[in-house]
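S.K.: Got a structure for you, work-v2.tsv, holding TSV, C-alpha atoms.
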```
chain	number	residue	atom	x	y	z
Y	1	MET	CA	-61.70	-10.25	-8.77
Y	2	VAL	CA	-58.36	-11.96	-8.12
Y	3	GLU	CA	-57.88	-15.09	-10.23
Y	4	ALA	CA	-56.99	-18.30	-8.41
Y	5	SER	CA	-54.03	-20.45	-9.32
Y	6	PRO	CA	-55.40	-23.13	-11.66
Y	7	THR	CA	-55.90	-26.59	-10.15
Y	8	ALA	CA	-55.37	-29.51	-12.51
Y	9	PRO	CA	-58.39	-31.56	-13.51
Y	10	VAL	CA	-59.38	-34.66	-11.60
Y	11	ILE	CA	-59.20	-37.82	-13.73
Y	12	ILE	CA	-62.18	-40.08	-13.15
Y	13	LEU	CA	-62.21	-43.65	-14.47
Y	14	ASN	CA	-65.72	-45.07	-14.48
Y	15	ALA	CA	-65.79	-48.88	-14.18
Y	16	PRO	CA	-62.22	-49.53	-15.34
Y	17	GLN	CA	-61.62	-53.20	-16.02
Y	18	MET	CA	-57.89	-53.87	-16.00
Y	19	ALA	CA	-55.45	-52.86	-13.30
Y	20	GLU	CA	-52.74	-52.56	-15.96
Y	21	ASN	CA	-54.74	-49.85	-17.70
Y	22	ILE	CA	-55.19	-47.96	-14.44
Y	23	GLY	CA	-51.43	-48.07	-13.93
Y	24	ALA	CA	-50.83	-46.82	-17.47
Y	25	VAL	CA	-53.26	-43.95	-16.82
Y	26	ALA	CA	-51.34	-43.02	-13.66
Y	27	ARG	CA	-48.15	-42.94	-15.69
Y	28	VAL	CA	-49.47	-40.48	-18.29
Y	29	MET	CA	-51.10	-38.39	-15.55
Y	30	ALA	CA	-47.70	-37.98	-13.95
Y	31	ASN	CA	-46.17	-37.11	-17.34
Y	32	PHE	CA	-48.45	-34.08	-17.63
Y	33	GLY	CA	-48.68	-32.91	-14.03
Y	34	LEU	CA	-51.98	-34.52	-13.00
Y	35	ALA	CA	-52.27	-36.27	-9.65
Y	36	ASP	CA	-55.91	-36.60	-8.55
Y	37	LEU	CA	-57.22	-40.01	-9.69
Y	38	ARG	CA	-60.69	-41.32	-8.87
Y	39	LEU	CA	-62.00	-44.80	-9.60
Y	40	ILE	CA	-65.65	-45.77	-9.80
Y	41	ASN	CA	-66.33	-49.46	-9.26
Y	42	PRO	CA	-63.11	-50.94	-10.65
Y	43	ARG	CA	-64.00	-54.41	-11.91
Y	44	ASP	CA	-61.35	-56.28	-9.94
Y	45	GLY	CA	-61.52	-54.17	-6.79
Y	46	TRP	CA	-58.84	-51.89	-5.42
Y	47	PRO	CA	-55.91	-51.78	-4.80
Y	48	GLN	CA	-54.43	-54.02	-7.47
Y	49	GLU	CA	-50.69	-54.68	-7.44
Y	50	ARG	CA	-50.50	-54.86	-11.24
Y	51	ALA	CA	-51.43	-51.19	-11.48
Y	52	TRP	CA	-48.29	-50.12	-9.62
Y	53	ALA	CA	-46.16	-52.33	-11.85
Y	54	LEU	CA	-47.49	-50.62	-14.99
Y	55	ALA	CA	-47.13	-47.12	-13.54
Y	56	SER	CA	-43.32	-47.28	-13.96
Y	57	GLY	CA	-42.67	-45.28	-10.81
Y	58	ALA	CA	-45.58	-42.84	-11.12
Y	59	GLU	CA	-47.07	-44.09	-7.87
Y	60	TRP	CA	-48.58	-40.95	-6.36
Y	61	PRO	CA	-51.84	-40.94	-8.38
Y	62	LEU	CA	-52.34	-44.59	-7.39
Y	63	ASN	CA	-51.37	-44.14	-3.75
Y	64	ASP	CA	-53.94	-41.38	-3.30
Y	65	ALA	CA	-56.64	-42.72	-5.61
Y	66	ARG	CA	-60.18	-42.39	-4.30
Y	67	VAL	CA	-62.66	-45.18	-4.91
Y	68	SER	CA	-66.39	-44.50	-5.21
Y	69	ASP	CA	-69.47	-46.62	-5.79
Y	70	THR	CA	-71.31	-44.14	-7.99
Y	71	VAL	CA	-70.64	-41.29	-10.41
Y	72	HIS	CA	-72.63	-38.99	-8.11
Y	73	GLU	CA	-70.23	-39.70	-5.28
Y	74	ALA	CA	-67.10	-39.32	-7.43
Y	75	ILE	CA	-68.06	-35.89	-8.77
Y	76	ALA	CA	-69.88	-34.50	-5.73
Y	77	ASP	CA	-67.21	-31.89	-4.95
Y	78	LEU	CA	-66.56	-30.86	-8.57
Y	79	ASN	CA	-68.08	-27.81	-10.27
Y	80	LEU	CA	-67.39	-28.75	-13.89
Y	81	VAL	CA	-67.00	-32.23	-15.34
Y	82	PHE	CA	-66.57	-33.20	-18.98
Y	83	ALA	CA	-67.33	-36.70	-20.24
Y	84	THR	CA	-65.08	-38.27	-22.87
Y	85	THR	CA	-66.64	-40.52	-25.50
Y	86	ALA	CA	-66.22	-41.45	-29.15
Y	87	ARG	CA	-69.86	-42.42	-29.68
Y	88	PRO	CA	-72.61	-39.94	-30.65
Y	89	ARG	CA	-75.30	-39.55	-28.01
Y	90	GLU	CA	-78.78	-38.06	-28.01
Y	91	LEU	CA	-77.97	-35.68	-25.17
Y	92	GLN	CA	-78.01	-31.96	-25.92
Y	93	LEU	CA	-74.55	-31.18	-24.57
Y	94	PRO	CA	-71.74	-29.09	-26.04
Y	95	ILE	CA	-69.27	-31.22	-28.03
Y	96	LEU	CA	-65.62	-30.24	-27.59
Y	97	THR	CA	-62.24	-31.38	-28.80
Y	98	PRO	CA	-59.62	-32.05	-26.11
Y	99	ARG	CA	-57.97	-28.71	-26.96
Y	100	ALA	CA	-61.17	-26.71	-26.61
Y	101	ALA	CA	-62.05	-28.64	-23.46
Y	102	ALA	CA	-58.66	-27.87	-21.92
Y	103	ALA	CA	-59.20	-24.16	-22.50
Y	104	GLU	CA	-62.60	-24.24	-20.81
Y	105	LEU	CA	-61.33	-26.33	-17.92
Y	106	LEU	CA	-58.44	-23.93	-17.38
Y	107	ALA	CA	-60.75	-20.92	-17.43
Y	108	ALA	CA	-63.05	-22.53	-14.86
Y	109	SER	CA	-60.15	-23.66	-12.70
Y	110	THR	CA	-58.68	-20.15	-12.75
Y	111	ARG	CA	-62.04	-18.90	-11.43
Y	112	GLY	CA	-61.57	-21.22	-8.46
Y	113	GLU	CA	-63.82	-24.04	-9.68
Y	114	ARG	CA	-62.88	-27.70	-9.28
Y	115	VAL	CA	-62.88	-29.51	-12.61
Y	116	GLY	CA	-62.65	-33.05	-13.89
Y	117	LEU	CA	-62.56	-35.36	-16.91
Y	118	MET	CA	-64.47	-38.63	-16.82
Y	119	PHE	CA	-63.53	-41.68	-18.90
Y	120	GLY	CA	-65.51	-44.85	-19.41
Y	121	GLY	CA	-64.48	-48.46	-19.08
Y	122	GLU	CA	-62.50	-50.24	-21.74
Y	123	ARG	CA	-65.35	-52.35	-23.12
Y	124	ALA	CA	-68.30	-50.00	-23.49
Y	125	GLY	CA	-67.22	-46.51	-22.46
Y	126	LEU	CA	-69.59	-44.26	-20.57
Y	127	GLU	CA	-73.30	-44.86	-20.19
Y	128	THR	CA	-75.63	-42.13	-21.37
Y	129	ALA	CA	-76.95	-41.70	-17.82
Y	130	ASP	CA	-73.42	-40.97	-16.60
Y	131	ILE	CA	-72.75	-38.49	-19.40
Y	132	ALA	CA	-75.96	-36.67	-18.46
Y	133	LEU	CA	-74.34	-35.73	-15.16
Y	134	CYS	CA	-71.59	-33.85	-17.00
Y	135	GLN	CA	-71.59	-30.40	-18.57
Y	136	ALA	CA	-70.02	-31.22	-21.96
Y	137	VAL	CA	-68.74	-34.08	-24.08
Y	138	VAL	CA	-65.12	-34.32	-25.18
Y	139	THR	CA	-64.37	-36.36	-28.27
Y	140	ILE	CA	-61.00	-36.92	-29.92
Y	141	PRO	CA	-60.85	-36.18	-33.69
Y	142	ILE	CA	-59.41	-39.53	-34.73
Y	143	ASP	CA	-59.64	-41.20	-38.13
Y	144	PRO	CA	-63.09	-42.77	-38.57
Y	145	LYS	CA	-61.52	-45.84	-40.19
Y	146	PHE	CA	-60.22	-46.89	-36.78
Y	147	ARG	CA	-61.74	-45.25	-33.74
Y	148	SER	CA	-60.31	-47.55	-31.09
Y	149	LEU	CA	-58.15	-45.89	-28.43
Y	150	ASN	CA	-57.14	-47.58	-25.24
Y	151	LEU	CA	-57.87	-45.91	-21.94
Y	152	ALA	CA	-54.37	-44.56	-21.29
Y	153	GLN	CA	-54.15	-43.12	-24.81
Y	154	ALA	CA	-57.38	-41.19	-24.34
Y	155	VAL	CA	-56.22	-39.84	-21.00
Y	156	ALA	CA	-52.82	-38.95	-22.46
Y	157	ILE	CA	-54.28	-36.87	-25.28
Y	158	ASN	CA	-56.50	-34.89	-22.93
Y	159	ALA	CA	-53.74	-34.51	-20.34
Y	160	TYR	CA	-51.35	-33.24	-23.01
Y	161	GLU	CA	-53.84	-30.60	-24.17
Y	162	TRP	CA	-54.26	-29.45	-20.58
Y	163	ARG	CA	-50.52	-29.14	-20.15
Y	164	ALA	CA	-50.08	-27.34	-23.47
Y	165	THR	CA	-52.86	-24.91	-22.54
Y	166	LEU	CA	-51.06	-24.06	-19.31
Y	167	SER	CA	-47.88	-23.31	-21.21
Y	168	ASP	CA	-47.07	-23.86	-24.87
Y	169	ALA	CA	-43.40	-22.95	-24.36
Y	170	PRO	CA	-40.86	-25.77	-24.68
Y	171	PRO	CA	-39.27	-27.06	-21.47
Y	172	THR	CA	-36.48	-24.89	-20.08
Y	173	ILE	CA	-33.80	-27.45	-20.90
Y	174	PHE	CA	-34.57	-27.01	-24.63
Y	175	ARG	CA	-34.53	-23.23	-24.65
Y	176	GLU	CA	-31.61	-21.11	-25.82
Y	177	HIS	CA	-29.21	-20.16	-23.06
Y	178	SER	CA	-27.88	-17.14	-24.95
Y	179	PRO	CA	-30.42	-14.32	-25.35
Y	180	PRO	CA	-31.37	-13.14	-28.82
Y	181	ALA	CA	-29.10	-10.52	-30.35
Y	182	ASP	CA	-30.38	-6.95	-30.29
Y	183	GLY	CA	-30.36	-4.50	-33.16
Y	184	ALA	CA	-27.02	-2.96	-32.21
Y	185	ALA	CA	-25.30	-6.36	-32.21
Y	186	MET	CA	-26.78	-7.28	-35.57
Y	187	LEU	CA	-25.75	-3.95	-37.10
Y	188	GLY	CA	-22.21	-4.51	-35.80
Y	189	LEU	CA	-22.12	-7.88	-37.54
Y	190	PHE	CA	-23.51	-6.46	-40.78
Y	191	GLU	CA	-21.00	-3.61	-40.94
Y	192	HIS	CA	-18.08	-5.84	-39.94
Y	193	LEU	CA	-18.90	-8.33	-42.70
Y	194	GLU	CA	-19.54	-5.62	-45.29
Y	195	ARG	CA	-16.22	-3.90	-44.58
Y	196	GLU	CA	-14.33	-7.10	-45.18
Y	197	LEU	CA	-16.32	-7.89	-48.30
Y	198	ASP	CA	-15.52	-4.41	-49.60
Y	199	VAL	CA	-11.82	-5.10	-49.12
Y	200	ALA	CA	-12.14	-8.47	-50.83
Y	201	GLY	CA	-13.89	-6.90	-53.81
Y	202	PHE	CA	-17.09	-8.89	-53.33
Y	203	PHE	CA	-19.45	-6.02	-54.17
Y	204	HIS	CA	-19.00	-5.87	-57.92
Y	205	PRO	CA	-20.19	-4.02	-59.85
Y	206	ALA	CA	-20.36	-1.11	-57.43
Y	207	ASP	CA	-23.87	-0.05	-58.40
Y	208	LYS	CA	-25.14	-3.43	-57.17
Y	209	ARG	CA	-23.72	-2.91	-53.68
Y	210	PRO	CA	-26.92	-1.55	-52.02
Y	211	SER	CA	-29.08	-4.47	-53.17
Y	212	MET	CA	-26.39	-7.02	-52.30
Y	213	VAL	CA	-26.04	-5.54	-48.82
Y	214	GLN	CA	-29.81	-5.68	-48.33
Y	215	ASN	CA	-29.90	-9.33	-49.37
Y	216	LEU	CA	-27.09	-10.24	-47.00
Y	217	ARG	CA	-28.71	-8.42	-44.09
Y	218	SER	CA	-32.06	-10.02	-44.81
Y	219	ALA	CA	-30.55	-13.51	-44.96
Y	220	LEU	CA	-28.72	-13.06	-41.66
Y	221	GLY	CA	-31.67	-11.36	-39.99
Y	222	LYS	CA	-34.01	-14.25	-40.75
Y	223	GLY	CA	-31.78	-16.48	-38.67
Y	224	ARG	CA	-32.85	-14.68	-35.45
Y	225	LEU	CA	-29.31	-15.05	-34.13
Y	226	SER	CA	-28.43	-15.17	-30.47
Y	227	GLU	CA	-25.77	-12.93	-28.92
Y	228	GLN	CA	-23.37	-15.88	-28.86
Y	229	GLU	CA	-24.00	-16.66	-32.52
Y	230	VAL	CA	-23.28	-13.05	-33.49
Y	231	ARG	CA	-19.98	-13.17	-31.59
Y	232	THR	CA	-19.09	-16.44	-33.28
Y	233	LEU	CA	-19.82	-15.11	-36.76
Y	234	ARG	CA	-17.79	-11.97	-36.12
Y	235	GLY	CA	-14.93	-14.22	-35.04
Y	236	VAL	CA	-15.27	-16.13	-38.31
Y	237	VAL	CA	-15.14	-12.90	-40.32
Y	238	THR	CA	-12.08	-11.75	-38.38
Y	239	ALA	CA	-10.28	-15.08	-38.89
Y	240	LEU	CA	-10.98	-15.03	-42.61
Y	241	SER	CA	-9.80	-11.46	-43.01
Y	242	ARG	CA	-6.58	-12.12	-41.12
Y	243	GLY	CA	-5.98	-15.23	-43.19
Y	244	ARG	CA	-6.36	-13.16	-46.35
Y	245	GLY	CA	-3.84	-10.68	-44.99
Y	246	ARG	CA	-1.29	-13.41	-44.36
Y	247	VAL	CA	-1.73	-14.77	-47.88
Y	248	LEU	CA	-1.32	-11.31	-49.42
Y	249	ASP	CA	1.74	-10.66	-47.26
Y	250	LYS	CA	3.29	-13.95	-48.36
Y	251	LEU	CA	2.67	-13.15	-52.01
Y	252	ALA	CA	4.20	-9.70	-51.57
Y	253	ARG	CA	7.33	-11.20	-49.95
Y	254	GLN	CA	7.70	-13.75	-52.73
Y	255	LYS	CA	7.39	-11.03	-55.35
Y	256	ALA	CA	9.98	-8.90	-53.55
Y	257	GLU	CA	12.37	-11.84	-53.39
Y	258	ARG	CA	12.00	-12.55	-57.10
Y	259	GLU	CA	12.60	-8.90	-57.97
Y	260	ALA	CA	15.67	-8.79	-55.70
Y	261	GLY	CA	17.15	-11.85	-57.41
Y	262	GLU	CA	16.75	-10.42	-60.88
```
What would the structure in this file look like if it were written as structure tokens?
M.R.:
Amino acid sequence: MVEASPTAPVIILNAPQMAENIGAVARVMANFGLADLRLINPRDGWPQERAWALASGAEWPLNDARVSDTVHEAIADLNLVFATTARPRELQLPILTPRAAAAELLAASTRGERVGLMFGGERAGLETADIALCQAVVTIPIDPKFRSLNLAQAVAINAYEWRATLSDAPPTIFREHSPPADGAAMLGLFEHLERELDVAGFFHPADKRPSMVQNLRSALGKGRLSEQEVRTLRGVVTALSRGRGRVLDKLARQKAEREAGE
């Protein structure tokens, strides 16, 4: 069976009260690559201009938002829906963290299923009857001393876990541009440095040389150097060795001059 390209979860807001919160949700959706927003009975109707103002330019989830009268209507085309809530319920449903939920949503989406996350209104959250229409409950492991999260925060945490499940690599702009050095490059650096240290008399006493070399190689190896970093360090070693040569040559000339004057 060929796996489908994963489709991001639909974000469903059940009875949201404030247009500003809907706009803030659209903003975090855009941050994490989500676009499909559905609203069930927004308190003040829809559209609401204040939502676009709070979205800070993330207009596409708002522009294409679908409005429904009931949960049944909002989730009719979805195969898997998780309800988010902080309150214990009597329903016998699996209880997941956002991270575990993201993994299950991704697996289902990769199978070609349409998936969604449903969030309750700001005042009371989701009703038990609405949760019963879902296949699992997602709850955020927050400190019990203060359980209050606003709507956009709850969406942001779940959206982040979805995005991190898709790819836990850092964005390309933060990755190294120079590839990691291979074994041959590292060995060249080791031997270059050790030759110069031999000349400088660093390895003393001689019987300690093997262990000192091992320690140096281990210290440099732990740095997981890039090709560019290896080249830079070899340039440093070369500059230091040439500087030593100039100093020794100067001392030799001064000695020769003193001997000639005697």
S.K.: Counting only C-alpha atoms, which of Y:Ala55, Y:Leu225, Y:Leu13, Y:Met29 gets nearest to Ser178 of chain Y?
M.R.: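 Checking each of Y:Ala55, Y:Leu225, Y:Leu13, Y:Met29 against Ser178 of chain Y, counting only C-alpha atoms, the winner is Y:Leu225.
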S.K.: Wanna dump the segment 2-91 of chain Y-segment 117-136 of chain Y contacts at 7 Å for me, each residue with its shortest atom pair and the distance in Å to one decimal, counting only C-alpha atoms, ordered by chain and number, as CSV?
M.R.:
```
residue,atom,partner,partner_atom,distance
Y:Pro9,CA,Y:Leu117,CA,6.6
Y:Val10,CA,Y:Leu117,CA,6.2
Y:Ile11,CA,Y:Leu117,CA,5.2
Y:Ile12,CA,Y:Met118,CA,4.6
Y:Leu13,CA,Y:Phe119,CA,5.0
Y:Asn14,CA,Y:Gly120,CA,4.9
Y:Ala15,CA,Y:Gly121,CA,5.1
Y:Pro16,CA,Y:Gly121,CA,4.5
Y:Gln17,CA,Y:Gly121,CA,6.3
Y:Val71,CA,Y:Asp130,CA,6.8
Y:Leu80,CA,Y:Gln135,CA,6.5
Y:Val81,CA,Y:Cys134,CA,5.1
Y:Phe82,CA,Y:Ala136,CA,5.0
Y:Ala83,CA,Y:Met118,CA,4.9
Y:Thr84,CA,Y:Phe119,CA,5.5
Y:Thr85,CA,Y:Gly125,CA,6.7
```
S.K.: Show which residues sit within 12 Å of Thr165 of chain Y, as a list of chain:residue names. Count only C-alpha atoms, and ignore same-chain residues fewer than 5 positions away.
M.R.: Y:Pro6, Y:Ala8, Y:Phe32, Y:Pro98, Y:Arg99, Y:Ala100, Y:Ala101, Y:Ala102, Y:Ala103, Y:Glu104, Y:Leu105, Y:Leu106, Y:Ala107, Y:Asn158, Y:Ala159, Y:Tyr160
S.K.: Calculated over all atoms listed in the file, which of the candidates Y:Pro94, Y:Gly183, Y:Gly261, Y:Gly201 has the smallest distance to Glu227 of chain Y?
M.R.: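 Checking each of Y:Pro94, Y:Gly183, Y:Gly261, Y:Gly201 against Glu227 of chain Y, counting all atoms listed in the file, the winner is Y:Gly183.
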S.K.: Can you measure atom CA of Val213 of chain Y to atom CA of Asp198 of chain Y for me? One decimal in Å is fine.
M.R.: 10.6 Å
S.K.: Would you compute an axis-aligned box for segment 95-100 of chain Y, covering every atom listed for it in the file with 4 Å of margin on each side, and report centre and edge lengths in Å to one decimal as AutoDock Vina command-line options?
M.R.:
```
--center_x -63.6 --center_y -29.4 --center_z -27.5 --size_x 19.3 --size_y 13.3 --size_z 10.7
```
S.K.: Anything within 12 Å of (-18.1, -8.0, -38.3): list those residues as a PyMOL selection string, counting all atoms listed in the file and sticking to the file's coordinates.
M.R.: chain Y and resi 184-197+229-241
S.K.: Of the candidates Y:Asp182, Y:Glu49, Y:Glu257, Y:Asp143, which shows the shortest atom-to-atom distance to Ser226 of chain Y, using all atoms listed in the file?
M.R.: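 Closest to Ser226 of chain Y of all the choices is Y:Asp182.
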S.K.: Can you tell me how far atom CA of Arg147 of chain Y sits from atom CA of His72 of chain Y, in Å to one decimal?
M.R.: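 Interatomic distance, atom CA of Arg147 of chain Y to atom CA of His72 of chain Y: 28.5 Å.
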S.K.: Just checking: using all atoms listed in the file, which residue out of Y:Leu251, Y:Ile22, Y:Ala65, Y:Leu220 ends up closest to Arg50 of chain Y?
M.R.: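 Checking each candidate against Arg50 of chain Y, we get Y:Ile22 as the closest.
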S.K.: Mind checking which residues fall within 10 Å of Glu73 of chain Y, counting all atoms listed in the file, ignoring those fewer than 5 positions away in the same chain, and posting them as a list in words?
M.R.: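 What passes the distance filter is Ile40, Val67 and Ser68 of chain Y.
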S.K.: What gap, in Å, lies between atom CA of Ser56 of chain Y and atom CA of Asp69 of chain Y?
M.R.: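 A separation of 27.4 Å between them.
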S.K.: Write out as an NGL selection string which residues come within 7 Å of Asn79 of chain Y when counting all atoms listed in the file, dropping same-chain ones fewer than 4 positions away.
M.R.: :Y and (113-115)
S.K.: If we count all atoms listed in the file, what is near Asn63 of chain Y at a cut-off of 9 Å, once residues fewer than 4 positions away on the same chain are taken out, given as a list in words?
M.R.: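 Here the qualifying residues turn out to be Pro47, Trp52 and Glu59 of chain Y.
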S.K.: Quick one: segment 18-40 of chain Y with N, CA, C and O atoms, as a compact mmCIF listing (two decimals), in the frame of the given file?
M.R.:
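Produced file out-v3.txt, reproduced below:
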```
# COMPACT_ATOMS: atom_id res chain seq x y z
N MET Y 18 -59.20 -53.25 -16.19
CA MET Y 18 -57.89 -53.87 -16.00
C MET Y 18 -56.99 -52.99 -15.15
O MET Y 18 -56.83 -51.79 -15.40
N ALA Y 19 -56.37 -53.60 -14.15
CA ALA Y 19 -55.45 -52.86 -13.30
C ALA Y 19 -54.28 -52.30 -14.09
O ALA Y 19 -53.77 -51.21 -13.79
N GLU Y 20 -53.85 -53.03 -15.14
CA GLU Y 20 -52.74 -52.56 -15.96
C GLU Y 20 -53.10 -51.23 -16.63
O GLU Y 20 -52.25 -50.34 -16.75
N ASN Y 21 -54.33 -51.10 -17.08
CA ASN Y 21 -54.74 -49.85 -17.70
C ASN Y 21 -54.78 -48.71 -16.70
O ASN Y 21 -54.44 -47.56 -17.02
N ILE Y 22 -55.19 -49.00 -15.48
CA ILE Y 22 -55.19 -47.96 -14.44
C ILE Y 22 -53.76 -47.50 -14.17
O ILE Y 22 -53.49 -46.31 -14.02
N GLY Y 23 -52.83 -48.44 -14.13
CA GLY Y 23 -51.43 -48.07 -13.93
C GLY Y 23 -50.89 -47.24 -15.07
O GLY Y 23 -50.15 -46.26 -14.86
N ALA Y 24 -51.27 -47.60 -16.31
CA ALA Y 24 -50.83 -46.82 -17.47
C ALA Y 24 -51.42 -45.41 -17.44
O ALA Y 24 -50.76 -44.44 -17.83
N VAL Y 25 -52.65 -45.28 -16.97
CA VAL Y 25 -53.26 -43.95 -16.82
C VAL Y 25 -52.48 -43.13 -15.80
O VAL Y 25 -52.20 -41.94 -16.01
N ALA Y 26 -52.12 -43.75 -14.67
CA ALA Y 26 -51.34 -43.02 -13.66
C ALA Y 26 -50.02 -42.53 -14.24
O ALA Y 26 -49.57 -41.41 -13.92
N ARG Y 27 -49.43 -43.33 -15.09
CA ARG Y 27 -48.15 -42.94 -15.69
C ARG Y 27 -48.30 -41.69 -16.55
O ARG Y 27 -47.51 -40.74 -16.45
N VAL Y 28 -49.32 -41.66 -17.43
CA VAL Y 28 -49.47 -40.48 -18.29
C VAL Y 28 -49.96 -39.28 -17.48
O VAL Y 28 -49.64 -38.13 -17.81
N MET Y 29 -50.72 -39.51 -16.42
CA MET Y 29 -51.10 -38.39 -15.55
C MET Y 29 -49.85 -37.72 -15.00
O MET Y 29 -49.73 -36.48 -15.02
N ALA Y 30 -48.93 -38.53 -14.51
CA ALA Y 30 -47.70 -37.98 -13.95
C ALA Y 30 -46.88 -37.25 -15.01
O ALA Y 30 -46.25 -36.22 -14.73
N ASN Y 31 -46.89 -37.77 -16.25
CA ASN Y 31 -46.17 -37.11 -17.34
C ASN Y 31 -46.61 -35.66 -17.51
O ASN Y 31 -45.81 -34.78 -17.85
N PHE Y 32 -47.90 -35.40 -17.32
CA PHE Y 32 -48.45 -34.08 -17.63
C PHE Y 32 -48.93 -33.32 -16.40
O PHE Y 32 -49.73 -32.39 -16.50
N GLY Y 33 -48.44 -33.71 -15.23
CA GLY Y 33 -48.68 -32.91 -14.03
C GLY Y 33 -50.03 -33.10 -13.38
O GLY Y 33 -50.48 -32.24 -12.62
N LEU Y 34 -50.69 -34.22 -13.64
CA LEU Y 34 -51.98 -34.52 -13.00
C LEU Y 34 -51.76 -35.53 -11.89
O LEU Y 34 -50.93 -36.43 -12.01
N ALA Y 35 -52.52 -35.40 -10.80
CA ALA Y 35 -52.27 -36.27 -9.65
C ALA Y 35 -53.54 -36.84 -9.03
O ALA Y 35 -53.47 -37.87 -8.36
N ASP Y 36 -54.68 -36.21 -9.23
CA ASP Y 36 -55.91 -36.60 -8.55
C ASP Y 36 -56.65 -37.64 -9.39
O ASP Y 36 -57.28 -37.31 -10.41
N LEU Y 37 -56.59 -38.90 -8.98
CA LEU Y 37 -57.22 -40.01 -9.69
C LEU Y 37 -58.38 -40.56 -8.86
O LEU Y 37 -58.23 -40.82 -7.67
N ARG Y 38 -59.52 -40.75 -9.54
CA ARG Y 38 -60.69 -41.32 -8.87
C ARG Y 38 -61.19 -42.51 -9.68
O ARG Y 38 -61.29 -42.45 -10.90
N LEU Y 39 -61.54 -43.56 -8.97
CA LEU Y 39 -62.00 -44.80 -9.60
C LEU Y 39 -63.42 -45.09 -9.15
O LEU Y 39 -63.72 -45.04 -7.95
N ILE Y 40 -64.28 -45.40 -10.11
CA ILE Y 40 -65.65 -45.77 -9.80
C ILE Y 40 -65.83 -47.24 -10.12
O ILE Y 40 -65.72 -47.67 -11.28
```
